[in-house]
Every structure is written in structure tokens, then in C-alpha cells.
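File shown: coords.txt. Contents: compact mmCIF, C-alpha atoms.
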```
# COMPACT_ATOMS: atom_id res chain seq x y z
CA MET M 9 22.88 23.54 137.29
CA GLU M 10 26.36 25.02 137.18
CA TYR M 11 29.04 23.57 134.90
CA THR M 12 32.80 23.81 135.02
CA GLN M 13 35.83 22.54 133.14
CA LEU M 14 37.15 19.13 134.17
CA GLY M 15 40.70 19.99 135.11
CA ARG M 16 42.65 21.71 132.35
CA SER M 17 40.58 19.98 129.65
CA GLY M 18 37.92 21.58 127.48
CA LEU M 19 35.32 19.14 128.84
CA LYS M 20 32.42 20.74 130.76
CA VAL M 21 30.83 18.79 133.60
CA SER M 22 28.14 19.47 136.18
CA ARG M 23 29.15 20.48 139.71
CA LEU M 24 27.69 17.21 140.98
CA CYS M 25 28.69 13.81 139.62
CA LEU M 26 26.20 10.96 139.74
CA GLY M 27 27.82 7.90 141.30
CA THR M 28 26.26 4.60 140.29
CA MET M 29 27.89 2.06 142.62
CA ASN M 30 24.56 1.24 144.28
CA PHE M 31 22.82 0.43 141.00
CA GLY M 32 22.13 -3.29 140.99
CA PRO M 33 23.12 -4.47 144.47
CA GLN M 34 20.99 -1.88 146.34
CA THR M 35 18.91 -0.09 143.71
CA GLN M 36 16.69 -2.01 141.31
CA GLU M 37 17.20 -1.39 137.61
CA THR M 38 13.91 0.43 137.05
CA ASP M 39 14.67 2.76 139.96
CA ALA M 40 18.24 3.28 138.72
CA HIS M 41 16.91 4.26 135.28
CA ALA M 42 14.49 6.71 136.90
CA ILE M 43 17.31 8.23 138.97
CA MET M 44 19.47 8.71 135.87
CA ASP M 45 16.56 10.33 134.01
CA SER M 46 15.99 12.63 136.96
CA ALA M 47 19.70 13.49 137.12
CA HIS M 48 19.57 14.58 133.47
CA GLN M 49 16.43 16.61 134.10
CA SER M 50 18.22 18.45 136.92
CA GLY M 51 21.21 19.17 134.68
CA ILE M 52 23.65 16.55 135.98
CA ASN M 53 25.59 15.37 132.94
CA TYR M 54 28.56 13.69 134.65
CA PHE M 55 28.06 9.98 135.51
CA ASP M 56 30.67 7.79 137.17
CA THR M 57 30.86 4.01 137.29
CA ALA M 58 33.42 1.16 137.23
CA ASN M 59 33.74 -2.24 135.64
CA VAL M 60 33.75 -4.01 139.01
CA TYR M 61 30.55 -2.40 140.30
CA GLY M 62 27.73 -4.85 140.80
CA GLY M 63 28.96 -6.98 143.64
CA GLU M 64 31.36 -9.87 144.03
CA HIS M 65 29.15 -12.32 142.14
CA HIS M 66 28.01 -9.99 139.36
CA ARG M 67 30.86 -7.68 138.45
CA GLY M 68 29.84 -5.49 135.55
CA TRP M 69 26.18 -5.43 136.59
CA THR M 70 26.14 -1.65 137.09
CA GLU M 71 27.62 -0.97 133.65
CA GLU M 72 24.99 -3.30 132.16
CA ILE M 73 22.22 -1.30 133.84
CA ILE M 74 23.62 1.94 132.46
CA GLY M 75 23.98 0.34 129.02
CA ARG M 76 20.33 -0.67 128.93
CA TRP M 77 19.43 2.89 129.96
CA PHE M 78 21.50 4.30 127.08
CA ALA M 79 19.80 1.84 124.72
CA GLN M 80 16.43 3.50 125.40
CA GLY M 81 17.62 6.38 123.23
CA GLY M 82 16.36 9.89 123.72
CA ASN M 83 19.93 11.25 123.47
CA ARG M 84 20.75 9.71 126.85
CA ARG M 85 24.28 8.83 125.79
CA GLU M 86 24.86 12.10 123.94
CA HIS M 87 23.86 14.12 127.02
CA THR M 88 26.15 12.16 129.37
CA VAL M 89 29.81 12.64 130.18
CA LEU M 90 30.53 8.99 130.92
CA ALA M 91 33.36 7.98 133.24
CA THR M 92 34.21 4.40 134.08
CA LYS M 93 37.20 2.67 135.65
CA LEU M 94 39.39 -0.40 135.40
CA TYR M 95 41.88 -2.07 137.74
CA GLY M 96 39.86 -4.40 139.94
CA THR M 97 39.78 -8.15 139.43
CA MET M 98 36.98 -9.26 137.13
CA THR M 99 37.64 -13.02 137.00
CA HIS M 100 40.08 -15.56 138.42
CA LEU M 101 42.27 -15.29 135.30
CA PRO M 102 45.73 -13.75 135.87
CA ASN M 103 45.45 -10.94 133.29
CA GLU M 104 41.96 -9.67 134.17
CA SER M 105 43.01 -6.93 136.58
CA LYS M 106 45.30 -3.92 137.01
CA LEU M 107 46.78 -1.78 134.23
CA SER M 108 48.71 -4.00 131.85
CA ALA M 109 48.32 -3.18 128.16
CA LEU M 110 46.50 -6.48 127.77
CA ASN M 111 43.98 -5.74 130.49
CA ILE M 112 43.44 -2.17 129.32
CA ARG M 113 42.51 -3.50 125.87
CA ARG M 114 40.27 -6.30 127.13
CA ALA M 115 38.66 -4.37 129.99
CA LEU M 116 37.90 -1.40 127.78
CA ASP M 117 36.21 -3.52 125.12
CA ALA M 118 34.22 -5.36 127.78
CA SER M 119 33.05 -2.08 129.36
CA LEU M 120 32.05 -0.68 125.97
CA LYS M 121 29.96 -3.79 125.32
CA ARG M 122 28.25 -3.65 128.73
CA LEU M 123 27.65 0.10 128.44
CA GLN M 124 26.33 -0.26 124.87
CA THR M 125 28.44 2.63 123.65
CA ASP M 126 31.42 2.98 121.34
CA TYR M 127 33.47 5.38 123.46
CA ILE M 128 34.23 6.37 127.06
CA ASP M 129 34.58 10.07 127.83
CA VAL M 130 36.87 9.62 130.85
CA TYR M 131 38.60 6.26 131.31
CA GLN M 132 39.97 6.08 134.84
CA PHE M 133 42.56 3.99 136.63
CA HIS M 134 40.80 2.81 139.80
CA HIS M 135 44.10 2.38 141.66
CA VAL M 136 47.80 2.77 141.00
CA ASP M 137 49.47 -0.31 139.51
CA ARG M 138 52.95 -0.62 140.97
CA ASN M 139 53.87 -3.51 138.64
CA THR M 140 53.18 -1.87 135.28
CA PRO M 141 55.42 0.93 133.95
CA TRP M 142 53.72 4.12 132.89
CA GLU M 143 55.23 3.81 129.42
CA GLU M 144 53.16 0.67 128.92
CA VAL M 145 50.02 2.21 130.38
CA TRP M 146 50.21 5.34 128.26
CA GLN M 147 51.03 3.42 125.08
CA ALA M 148 47.90 1.31 125.54
CA VAL M 149 45.80 4.37 126.28
CA GLU M 150 47.14 6.23 123.26
CA VAL M 151 46.14 3.32 121.02
CA ALA M 152 42.62 3.40 122.48
CA VAL M 153 42.43 7.16 121.91
CA GLN M 154 43.51 6.71 118.30
CA GLN M 155 40.80 4.06 117.91
CA GLY M 156 38.22 6.53 119.21
CA LYS M 157 37.39 4.40 122.25
CA ILE M 158 38.69 6.86 124.89
CA LEU M 159 38.65 10.66 124.93
CA TYR M 160 40.31 11.46 128.29
CA SER M 161 42.11 9.65 131.12
CA GLY M 162 41.68 9.97 134.87
CA SER M 163 42.98 8.44 138.08
CA SER M 164 41.47 7.36 141.37
CA ASN M 165 43.04 6.79 144.79
CA PHE M 166 46.46 8.06 143.66
CA ALA M 167 49.03 9.60 145.97
CA GLY M 168 50.50 12.95 144.99
CA TRP M 169 53.72 11.39 143.75
CA HIS M 170 51.75 8.87 141.67
CA ILE M 171 50.07 11.79 139.89
CA ALA M 172 53.47 13.41 139.32
CA HIS M 173 54.96 10.16 138.02
CA ALA M 174 52.04 9.62 135.64
CA GLN M 175 52.10 13.16 134.31
CA GLU M 176 55.86 13.30 133.78
CA ALA M 177 55.74 9.99 131.90
CA ALA M 178 52.88 11.31 129.75
CA ALA M 179 54.78 14.54 129.05
CA ARG M 180 57.75 12.58 127.74
CA ARG M 181 55.38 11.03 125.20
CA HIS M 182 53.78 14.42 124.38
CA TYR M 183 50.48 13.07 125.72
CA ASN M 184 48.01 14.98 127.88
CA GLY M 185 47.95 12.37 130.63
CA LEU M 186 45.42 12.63 133.45
CA ILE M 187 42.69 15.27 133.63
CA SER M 188 41.07 14.20 136.90
CA GLU M 189 41.70 12.45 140.21
CA GLN M 190 39.05 10.74 142.36
CA SER M 191 39.92 10.66 146.05
CA ILE M 192 38.07 10.26 149.30
CA TYR M 193 37.62 13.80 150.56
CA ASN M 194 35.18 15.19 153.07
CA LEU M 195 35.14 17.22 156.28
CA LEU M 196 36.18 14.19 158.30
CA THR M 197 38.86 12.83 155.94
CA ARG M 198 41.13 15.59 154.63
CA ASN M 199 44.47 13.81 154.07
CA VAL M 200 44.47 14.73 150.38
CA GLU M 201 45.13 18.32 151.36
CA LEU M 202 48.71 17.34 152.18
CA GLU M 203 49.97 16.32 148.74
CA VAL M 204 47.21 15.04 146.42
CA ILE M 205 45.46 18.39 146.03
CA PRO M 206 48.70 20.34 145.49
CA ALA M 207 49.75 17.80 142.84
CA ALA M 208 46.34 17.89 141.16
CA GLN M 209 46.36 21.69 141.05
CA HIS M 210 49.93 21.82 139.76
CA TYR M 211 49.21 19.41 136.91
CA GLY M 212 45.74 20.74 136.16
CA LEU M 213 43.63 17.80 137.34
CA GLY M 214 40.06 18.25 138.47
CA LEU M 215 39.40 16.74 141.91
CA ILE M 216 36.38 14.44 142.14
CA PRO M 217 35.71 13.62 145.82
CA TRP M 218 34.12 10.29 146.62
CA SER M 219 32.33 9.52 149.91
CA PRO M 220 31.47 13.20 150.48
CA LEU M 221 29.31 12.27 153.49
CA HIS M 222 31.84 9.72 154.79
CA GLY M 223 29.48 6.79 154.51
CA GLY M 224 26.57 8.79 155.94
CA LEU M 225 28.36 10.03 159.06
CA LEU M 226 28.05 13.62 157.85
CA GLY M 227 24.43 13.18 156.83
CA GLY M 228 22.78 13.64 160.23
CA VAL M 229 23.60 10.26 161.72
CA MET M 230 23.22 11.41 165.34
CA LYS M 231 19.77 12.83 164.68
CA LYS M 232 18.75 9.60 162.98
CA GLU M 233 20.00 7.56 165.92
CA ARG M 234 17.93 9.66 168.31
CA GLY M 235 14.94 9.04 166.06
CA GLY M 236 15.42 5.30 166.46
CA VAL M 237 17.02 4.76 163.06
CA ARG M 238 20.38 3.04 163.41
CA ARG M 239 22.34 3.78 160.27
CA THR M 240 25.92 2.80 161.10
CA GLU M 241 27.71 -0.53 161.14
CA GLY M 242 31.19 -1.91 160.59
CA ARG M 243 33.85 0.70 159.81
CA ALA M 244 31.35 3.58 159.89
CA GLN M 245 30.25 2.56 163.37
CA GLU M 246 33.86 2.53 164.61
CA THR M 247 34.54 5.92 163.00
CA LEU M 248 31.48 7.40 164.69
CA LYS M 249 32.65 5.99 168.03
CA ASN M 250 35.99 7.79 167.63
CA HIS M 251 34.50 11.07 166.37
CA ARG M 252 31.15 11.26 168.13
CA ASP M 253 31.86 14.61 169.81
CA GLN M 254 32.94 16.19 166.51
CA VAL M 255 29.92 14.84 164.65
CA GLN M 256 27.61 16.16 167.39
CA GLN M 257 29.23 19.61 167.21
CA TYR M 258 28.82 19.50 163.46
CA GLU M 259 25.14 18.62 163.58
CA ASP M 260 24.52 21.33 166.19
CA PHE M 261 26.20 23.89 163.93
CA CYS M 262 24.12 22.74 160.96
CA ASP M 263 21.04 23.39 163.09
CA GLU M 264 22.35 26.92 163.72
CA LEU M 265 22.72 27.40 159.98
CA GLY M 266 19.23 26.02 159.38
CA GLN M 267 20.62 23.45 156.95
CA GLU M 268 20.61 19.68 156.73
CA PRO M 269 24.02 18.15 157.60
CA GLY M 270 24.34 16.37 154.27
CA ASN M 271 23.79 19.64 152.40
CA VAL M 272 26.45 21.42 154.44
CA ALA M 273 28.98 18.63 153.83
CA LEU M 274 28.43 18.82 150.07
CA ALA M 275 28.39 22.61 150.07
CA TRP M 276 31.70 22.68 151.95
CA LEU M 277 33.30 20.56 149.20
CA LEU M 278 31.83 22.80 146.50
CA HIS M 279 33.49 25.79 148.23
CA GLN M 280 36.96 24.17 147.97
CA PRO M 281 38.90 25.65 145.02
CA ALA M 282 40.39 22.32 143.89
CA VAL M 283 37.05 20.47 143.77
CA THR M 284 35.31 20.01 140.44
CA ALA M 285 32.34 17.84 141.43
CA PRO M 286 31.64 15.63 144.45
CA ILE M 287 30.30 12.18 143.62
CA VAL M 288 26.83 11.57 145.05
CA GLY M 289 25.75 7.94 145.03
CA PRO M 290 22.01 7.85 145.69
CA ARG M 291 20.18 4.63 146.39
CA THR M 292 16.84 6.40 146.01
CA GLN M 293 15.29 9.36 144.22
CA GLU M 294 14.89 11.14 147.56
CA GLN M 295 18.62 10.97 148.19
CA LEU M 296 19.35 12.48 144.78
CA ASP M 297 16.85 15.28 145.39
CA ALA M 298 18.49 16.05 148.73
CA ALA M 299 21.96 16.21 147.18
CA ILE M 300 20.83 18.62 144.47
CA THR M 301 19.59 21.12 147.07
CA ALA M 302 23.17 21.45 148.33
CA LEU M 303 23.99 23.43 145.18
CA ASP M 304 22.00 26.34 146.61
CA VAL M 305 23.77 26.40 149.99
CA ARG M 306 26.23 29.28 150.37
CA LEU M 307 28.68 29.21 153.25
CA GLU M 308 30.19 32.49 154.45
CA ASP M 309 33.80 32.70 155.59
CA ASP M 310 32.74 32.56 159.25
CA ALA M 311 30.88 29.31 158.61
CA LEU M 312 33.83 27.81 156.72
CA ASN M 313 36.16 28.77 159.58
CA ARG M 314 33.78 27.22 162.09
CA LEU M 315 33.75 23.97 160.12
CA ASP M 316 37.56 23.99 160.00
CA GLY M 317 37.49 24.35 163.78
CA ILE M 318 35.29 21.30 164.20
CA PHE M 319 37.15 19.23 161.59
CA PRO M 320 40.72 20.57 161.35
CA GLY M 321 42.31 20.12 157.94
CA HIS M 322 45.85 20.18 156.61
CA ARG M 323 48.14 22.68 155.02
CA SER M 324 50.22 21.52 152.08
CA ALA M 325 53.22 19.36 152.87
CA PRO M 326 55.81 19.99 154.19
CA GLU M 327 54.56 23.13 155.96
CA ASP M 328 51.84 21.06 157.62
CA TYR M 329 54.41 19.25 159.71
CA ALA M 330 57.62 21.24 159.28
CA TRP M 331 58.70 24.88 159.24
```
Please express the file's structure as C-alpha cells.
Amino acid sequence: MEYTQLGRSGLKVSRLCLGTMNFGPQTQETDAHAIMDSAHQSGINYFDTANVYGGEHHRGWTEEIIGRWFAQGGNRREHTVLATKLYGTMTHLPNESKLSALNIRRALDASLKRLQTDYIDVYQFHHVDRNTPWEEVWQAVEVAVQQGKILYSGSSNFAGWHIAHAQEAAARRHYNGLISEQSIYNLLTRNVELEVIPAAQHYGLGLIPWSPLHGGLLGGVMKKERGGVRRTEGRAQETLKNHRDQVQQYEDFCDELGQEPGNVALAWLLHQPAVTAPIVGPRTQEQLDAAITALDVRLEDDALNRLDGIFPGHRSAPEDYAW
């Protein structure tokens, strides 16, 4: 396993991040525990979760599963860089969502209890809160840092100017601010190349892509359909309808490379300079094993150019759309 710094921080994380969103609703607890053990055995030390994971009727379920895994001992907690998030609505009460100082305090304590730990390595804002000033957010975070409950802060689903706003507000308080940004980023969805990636690089944030296979569309979906396995529905089905020719070209090129499509999609992200670690969210052990093999895939410049031809990306704004 390779390790790298998370943004400009001194924190070292694995080049793959274990996403846990499926734990509970789609993956039974015993299987989830086995997957986390296997991730550690393979060298993955970076785990990502969120307080809302677990489904509409059992928010917090995923953190509880992770907490019971930590409670088994064996240095599981000590060997994990633990990242969780807040923002989403946990109950019907008016102050149980977003980034107010009150919710930061309550949500953090609730996550610590569910996770059966006394600190979070990277506490992340799951979305930008347009109603709470950054001065309030950072004051609440600084208190939690002083209490030893948080070590670092991260963001998720922020625009470039949100990152800039957050970092400038933190700088005025002589606080480090954000060290990472989670965004959807894959061969099919490359909007972050316009402004989010330039902002993250400027301020020293590590980029943590979520949905690296775009809901499975970059994981060999056409081949699976031909084999009689229908894997797409809802939004993914509509996306495939609009990009079927591109996805077919992509799978054909993966065949030329002699690689599985999912491995190529992950390898492409790992070749992007701004990317720290894509989030892989396995439902099964087999899916985790497949993701780990992507670490050994090396893409030459010709292959990277070919992929850019199939899935055109963006230059930084404003050059992408202006002179």
C-alpha cells in the first residue's frame, strides 16, 4: 500500500479510502466487520463515514457498526484514520442539522458515542451551510479541537469559492481550516476541474473523490448487461442512456489494455495530481479486492490521452470557456 499526506497536513493516509455508506442498509454487520479487517490487512488506513449513513429510518447505523468494530480492540482504532461528517438532518428537531455551533457540538458528541471513540481524525462538513457564518463554524471547531475531540477539518461537496471563503475566514482566526475536500469526480463527471481542484490545490487541500465508478457505470456495465445482469436503474440508467456510446468506447479500450473497467477508472483518478485517495464503497469482500488491484495499474501518457478523448475534461476556469 502506498501512503501520502492528506493535503498540506502531516497526516498520512492510504491511496484508497474505505467508504462505509453501504454498511447496514446493504452490507450486514458481520460482513462489514470482515471488510474493515481486510482493508486493514491490505494497508488501507483511511475510513470515511457520516452521521446520516444508515438509511432514512436508522440514521447513525453505519457509525454504530464501525463503533462495535473498534470495540473489538486489536488496535483497530489506533490503526485507522477516521473521517466522519455532519450536516444532514438527523431528527425532526430544528437544530439537528447543518453547521450551527449548537449542531456541531451535539452532532460531534453523538458521533463519538456511536463510534465508541474519543476523537475524530478528520471531521468533515457534508455540505456548505449558507445560513451559518464561517466565524461561528470555526469557533465551534476550535473549541472541539481544544477539547481533543477533533484533529483536522474537511469539506465535502463545496464549490471552489466556498473553499476560498472557508480558508480566508480560518486564516483571519490563525486557524488551519480545511485539509481535504470530498467531491464527485470520475471520468464521466469532471466539473471539479473547473474551479474546485484549482482552489483545493491553491489552499493545500487533498482531493477525495467519491463515486469513482459513477454508480457502477464505469465498472463494466455494458459487459454485465450483455451477460444478462442488469445493474442500472433510476439516475444511473438515465445517465447510461445519454452516454452509452462513450461507455462502450471506454469498455472497448479497457479490453485493449487488458484491464477491468473499474480498475482503469480508479487508476485514472490515482494518476491525477490533485487526488489523494478515491473513496471505494464495497458492499462485498470481492468488490474491495477488485478495488485494491487498481493500485497496480499504470497508465501511460498515450492511455491517459485516449481516456481524455473518450471523456473530455475541463481546463481551469476561465480558460476553459474564455480566452
Proximity to M:Ala282 - best of M:Tyr258, M:Trp77, M:Tyr211, M:Phe133, all atoms listed in the file: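 Smallest separation from M:Ala282 among the options: M:Tyr211.
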Who sits within 8 Å of M:Tyr127, only C-alpha atoms, same chain under 4 positions skipped, as a ChimeraX atom specification: /M:120,156-159
Pick from M:Gln295, M:Asn103, M:Thr197, M:Thr38, whichever lies nearest to M:Thr247 using all atoms listed in the file: M:Thr197
Å distance separating atom CA of M:Ile300 from atom CA of M:Tyr11, one decimal place: 13.5 Å
Selected residue, from M:Glu37, M:Asp297, M:Glu233, M:Glu143, that lies nearest to M:Trp69 when counting only C-alpha atoms: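 Residue with the minimum atom-to-atom distance to M:Trp69: M:Glu37.
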Exercise: residues within 12 Å of coordinate (35.5, 11.0, 164.4), counting all atoms listed in the file, as a list in words: Leu195, Leu196, Thr197, His222, Leu225, Leu226, Arg243, Ala244, Gln245, Glu246, Thr247, Leu248, Lys249, Asn250, His251, Arg252, Asp253, Gln254, Val255, Gln256, Gln257, Tyr258, Ile318, Phe319 and Pro320 of chain M
Could you pull stretch 80-92 of chain M out of the block above and give me all heavy atoms, as a PDB file, in the first residue's frame?
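So part33.pdb came out as:
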```pdb
ATOM      1  N   GLN M  80     -13.900  -4.132  19.420  1.00  0.00           N
ATOM      2  CA  GLN M  80     -13.274  -5.450  19.452  1.00  0.00           C
ATOM      3  C   GLN M  80     -11.797  -5.371  19.819  1.00  0.00           C
ATOM      4  O   GLN M  80     -11.172  -6.397  20.119  1.00  0.00           O
ATOM      5  CB  GLN M  80     -13.431  -6.148  18.099  1.00  0.00           C
ATOM      6  CG  GLN M  80     -14.866  -6.460  17.727  1.00  0.00           C
ATOM      7  CD  GLN M  80     -14.965  -7.060  16.336  1.00  0.00           C
ATOM      8  OE1 GLN M  80     -14.030  -7.697  15.848  1.00  0.00           O
ATOM      9  NE2 GLN M  80     -16.096  -6.867  15.679  1.00  0.00           N
ATOM     10  N   GLY M  81     -11.248  -4.159  19.789  1.00  0.00           N
ATOM     11  CA  GLY M  81      -9.847  -3.990  20.174  1.00  0.00           C
ATOM     12  C   GLY M  81      -8.893  -4.354  19.057  1.00  0.00           C
ATOM     13  O   GLY M  81      -9.182  -4.178  17.885  1.00  0.00           O
ATOM     14  N   GLY M  82      -7.741  -4.885  19.435  1.00  0.00           N
ATOM     15  CA  GLY M  82      -6.747  -5.249  18.440  1.00  0.00           C
ATOM     16  C   GLY M  82      -6.155  -4.047  17.722  1.00  0.00           C
ATOM     17  O   GLY M  82      -5.734  -4.164  16.561  1.00  0.00           O
ATOM     18  N   ASN M  83      -6.139  -2.892  18.373  1.00  0.00           N
ATOM     19  CA  ASN M  83      -5.607  -1.649  17.792  1.00  0.00           C
ATOM     20  C   ASN M  83      -6.358  -1.203  16.542  1.00  0.00           C
ATOM     21  O   ASN M  83      -5.807  -0.488  15.701  1.00  0.00           O
ATOM     22  CB  ASN M  83      -4.111  -1.793  17.463  1.00  0.00           C
ATOM     23  CG  ASN M  83      -3.256  -1.909  18.699  1.00  0.00           C
ATOM     24  OD1 ASN M  83      -3.466  -1.202  19.686  1.00  0.00           O
ATOM     25  ND2 ASN M  83      -2.296  -2.820  18.668  1.00  0.00           N
ATOM     26  N   ARG M  84      -7.628  -1.624  16.414  1.00  0.00           N
ATOM     27  CA  ARG M  84      -8.402  -1.221  15.248  1.00  0.00           C
ATOM     28  C   ARG M  84      -8.536   0.298  15.165  1.00  0.00           C
ATOM     29  O   ARG M  84      -8.371   0.887  14.088  1.00  0.00           O
ATOM     30  CB  ARG M  84      -9.780  -1.886  15.281  1.00  0.00           C
ATOM     31  CG  ARG M  84      -9.762  -3.368  14.911  1.00  0.00           C
ATOM     32  CD  ARG M  84     -11.135  -4.008  15.089  1.00  0.00           C
ATOM     33  NE  ARG M  84     -11.207  -5.338  14.489  1.00  0.00           N
ATOM     34  CZ  ARG M  84     -10.800  -6.450  15.105  1.00  0.00           C
ATOM     35  NH1 ARG M  84     -10.266  -6.369  16.325  1.00  0.00           N
ATOM     36  NH2 ARG M  84     -10.899  -7.620  14.495  1.00  0.00           N
ATOM     37  N   ARG M  85      -8.847   0.936  16.277  1.00  0.00           N
ATOM     38  CA  ARG M  85      -8.988   2.391  16.246  1.00  0.00           C
ATOM     39  C   ARG M  85      -7.650   3.073  16.014  1.00  0.00           C
ATOM     40  O   ARG M  85      -7.550   4.028  15.231  1.00  0.00           O
ATOM     41  CB  ARG M  85      -9.616   2.892  17.569  1.00  0.00           C
ATOM     42  CG  ARG M  85      -9.719   4.420  17.650  1.00  0.00           C
ATOM     43  CD  ARG M  85     -10.677   4.956  16.592  1.00  0.00           C
ATOM     44  NE  ARG M  85     -10.720   6.412  16.529  1.00  0.00           N
ATOM     45  CZ  ARG M  85      -9.999   7.151  15.684  1.00  0.00           C
ATOM     46  NH1 ARG M  85      -9.156   6.582  14.841  1.00  0.00           N
ATOM     47  NH2 ARG M  85     -10.119   8.464  15.673  1.00  0.00           N
ATOM     48  N   GLU M  86      -6.616   2.592  16.684  1.00  0.00           N
ATOM     49  CA  GLU M  86      -5.299   3.216  16.571  1.00  0.00           C
ATOM     50  C   GLU M  86      -4.744   3.137  15.152  1.00  0.00           C
ATOM     51  O   GLU M  86      -3.975   4.013  14.734  1.00  0.00           O
ATOM     52  CB  GLU M  86      -4.319   2.563  17.548  1.00  0.00           C
ATOM     53  CG  GLU M  86      -4.600   2.853  19.017  1.00  0.00           C
ATOM     54  CD  GLU M  86      -5.736   2.017  19.579  1.00  0.00           C
ATOM     55  OE1 GLU M  86      -6.260   1.141  18.857  1.00  0.00           O
ATOM     56  OE2 GLU M  86      -6.109   2.237  20.752  1.00  0.00           O
ATOM     57  N   HIS M  87      -5.119   2.111  14.394  1.00  0.00           N
ATOM     58  CA  HIS M  87      -4.607   1.928  13.041  1.00  0.00           C
ATOM     59  C   HIS M  87      -5.495   2.569  11.981  1.00  0.00           C
ATOM     60  O   HIS M  87      -5.268   2.378  10.786  1.00  0.00           O
ATOM     61  CB  HIS M  87      -4.455   0.437  12.731  1.00  0.00           C
ATOM     62  CG  HIS M  87      -3.400  -0.235  13.566  1.00  0.00           C
ATOM     63  ND1 HIS M  87      -3.282  -1.608  13.662  1.00  0.00           N
ATOM     64  CD2 HIS M  87      -2.404   0.281  14.339  1.00  0.00           C
ATOM     65  CE1 HIS M  87      -2.271  -1.905  14.467  1.00  0.00           C
ATOM     66  NE2 HIS M  87      -1.728  -0.770  14.881  1.00  0.00           N
ATOM     67  N   THR M  88      -6.502   3.326  12.410  1.00  0.00           N
ATOM     68  CA  THR M  88      -7.464   3.918  11.481  1.00  0.00           C
ATOM     69  C   THR M  88      -7.399   5.432  11.523  1.00  0.00           C
ATOM     70  O   THR M  88      -7.427   6.035  12.598  1.00  0.00           O
ATOM     71  CB  THR M  88      -8.902   3.477  11.840  1.00  0.00           C
ATOM     72  OG1 THR M  88      -8.978   2.046  11.812  1.00  0.00           O
ATOM     73  CG2 THR M  88      -9.904   4.053  10.855  1.00  0.00           C
ATOM     74  N   VAL M  89      -7.315   6.044  10.351  1.00  0.00           N
ATOM     75  CA  VAL M  89      -7.554   7.482  10.210  1.00  0.00           C
ATOM     76  C   VAL M  89      -9.053   7.620   9.958  1.00  0.00           C
ATOM     77  O   VAL M  89      -9.546   7.284   8.878  1.00  0.00           O
ATOM     78  CB  VAL M  89      -6.741   8.095   9.069  1.00  0.00           C
ATOM     79  CG1 VAL M  89      -7.108   9.565   8.866  1.00  0.00           C
ATOM     80  CG2 VAL M  89      -5.253   7.956   9.336  1.00  0.00           C
ATOM     81  N   LEU M  90      -9.777   8.068  10.949  1.00  0.00           N
ATOM     82  CA  LEU M  90     -11.239   8.062  10.931  1.00  0.00           C
ATOM     83  C   LEU M  90     -11.783   9.416  10.501  1.00  0.00           C
ATOM     84  O   LEU M  90     -11.488  10.447  11.118  1.00  0.00           O
ATOM     85  CB  LEU M  90     -11.773   7.706  12.317  1.00  0.00           C
ATOM     86  CG  LEU M  90     -13.285   7.747  12.510  1.00  0.00           C
ATOM     87  CD1 LEU M  90     -13.981   6.725  11.609  1.00  0.00           C
ATOM     88  CD2 LEU M  90     -13.638   7.504  13.971  1.00  0.00           C
ATOM     89  N   ALA M  91     -12.579   9.403   9.440  1.00  0.00           N
ATOM     90  CA  ALA M  91     -13.236  10.617   8.964  1.00  0.00           C
ATOM     91  C   ALA M  91     -14.745  10.408   8.996  1.00  0.00           C
ATOM     92  O   ALA M  91     -15.248   9.400   8.498  1.00  0.00           O
ATOM     93  CB  ALA M  91     -12.791  10.942   7.539  1.00  0.00           C
ATOM     94  N   THR M  92     -15.452  11.335   9.609  1.00  0.00           N
ATOM     95  CA  THR M  92     -16.907  11.307   9.551  1.00  0.00           C
ATOM     96  C   THR M  92     -17.408  12.700   9.210  1.00  0.00           C
ATOM     97  O   THR M  92     -16.623  13.638   9.073  1.00  0.00           O
ATOM     98  CB  THR M  92     -17.530  10.780  10.859  1.00  0.00           C
ATOM     99  OG1 THR M  92     -18.928  10.503  10.632  1.00  0.00           O
ATOM    100  CG2 THR M  92     -17.398  11.769  12.004  1.00  0.00           C
TER     101      THR M  92
END
```
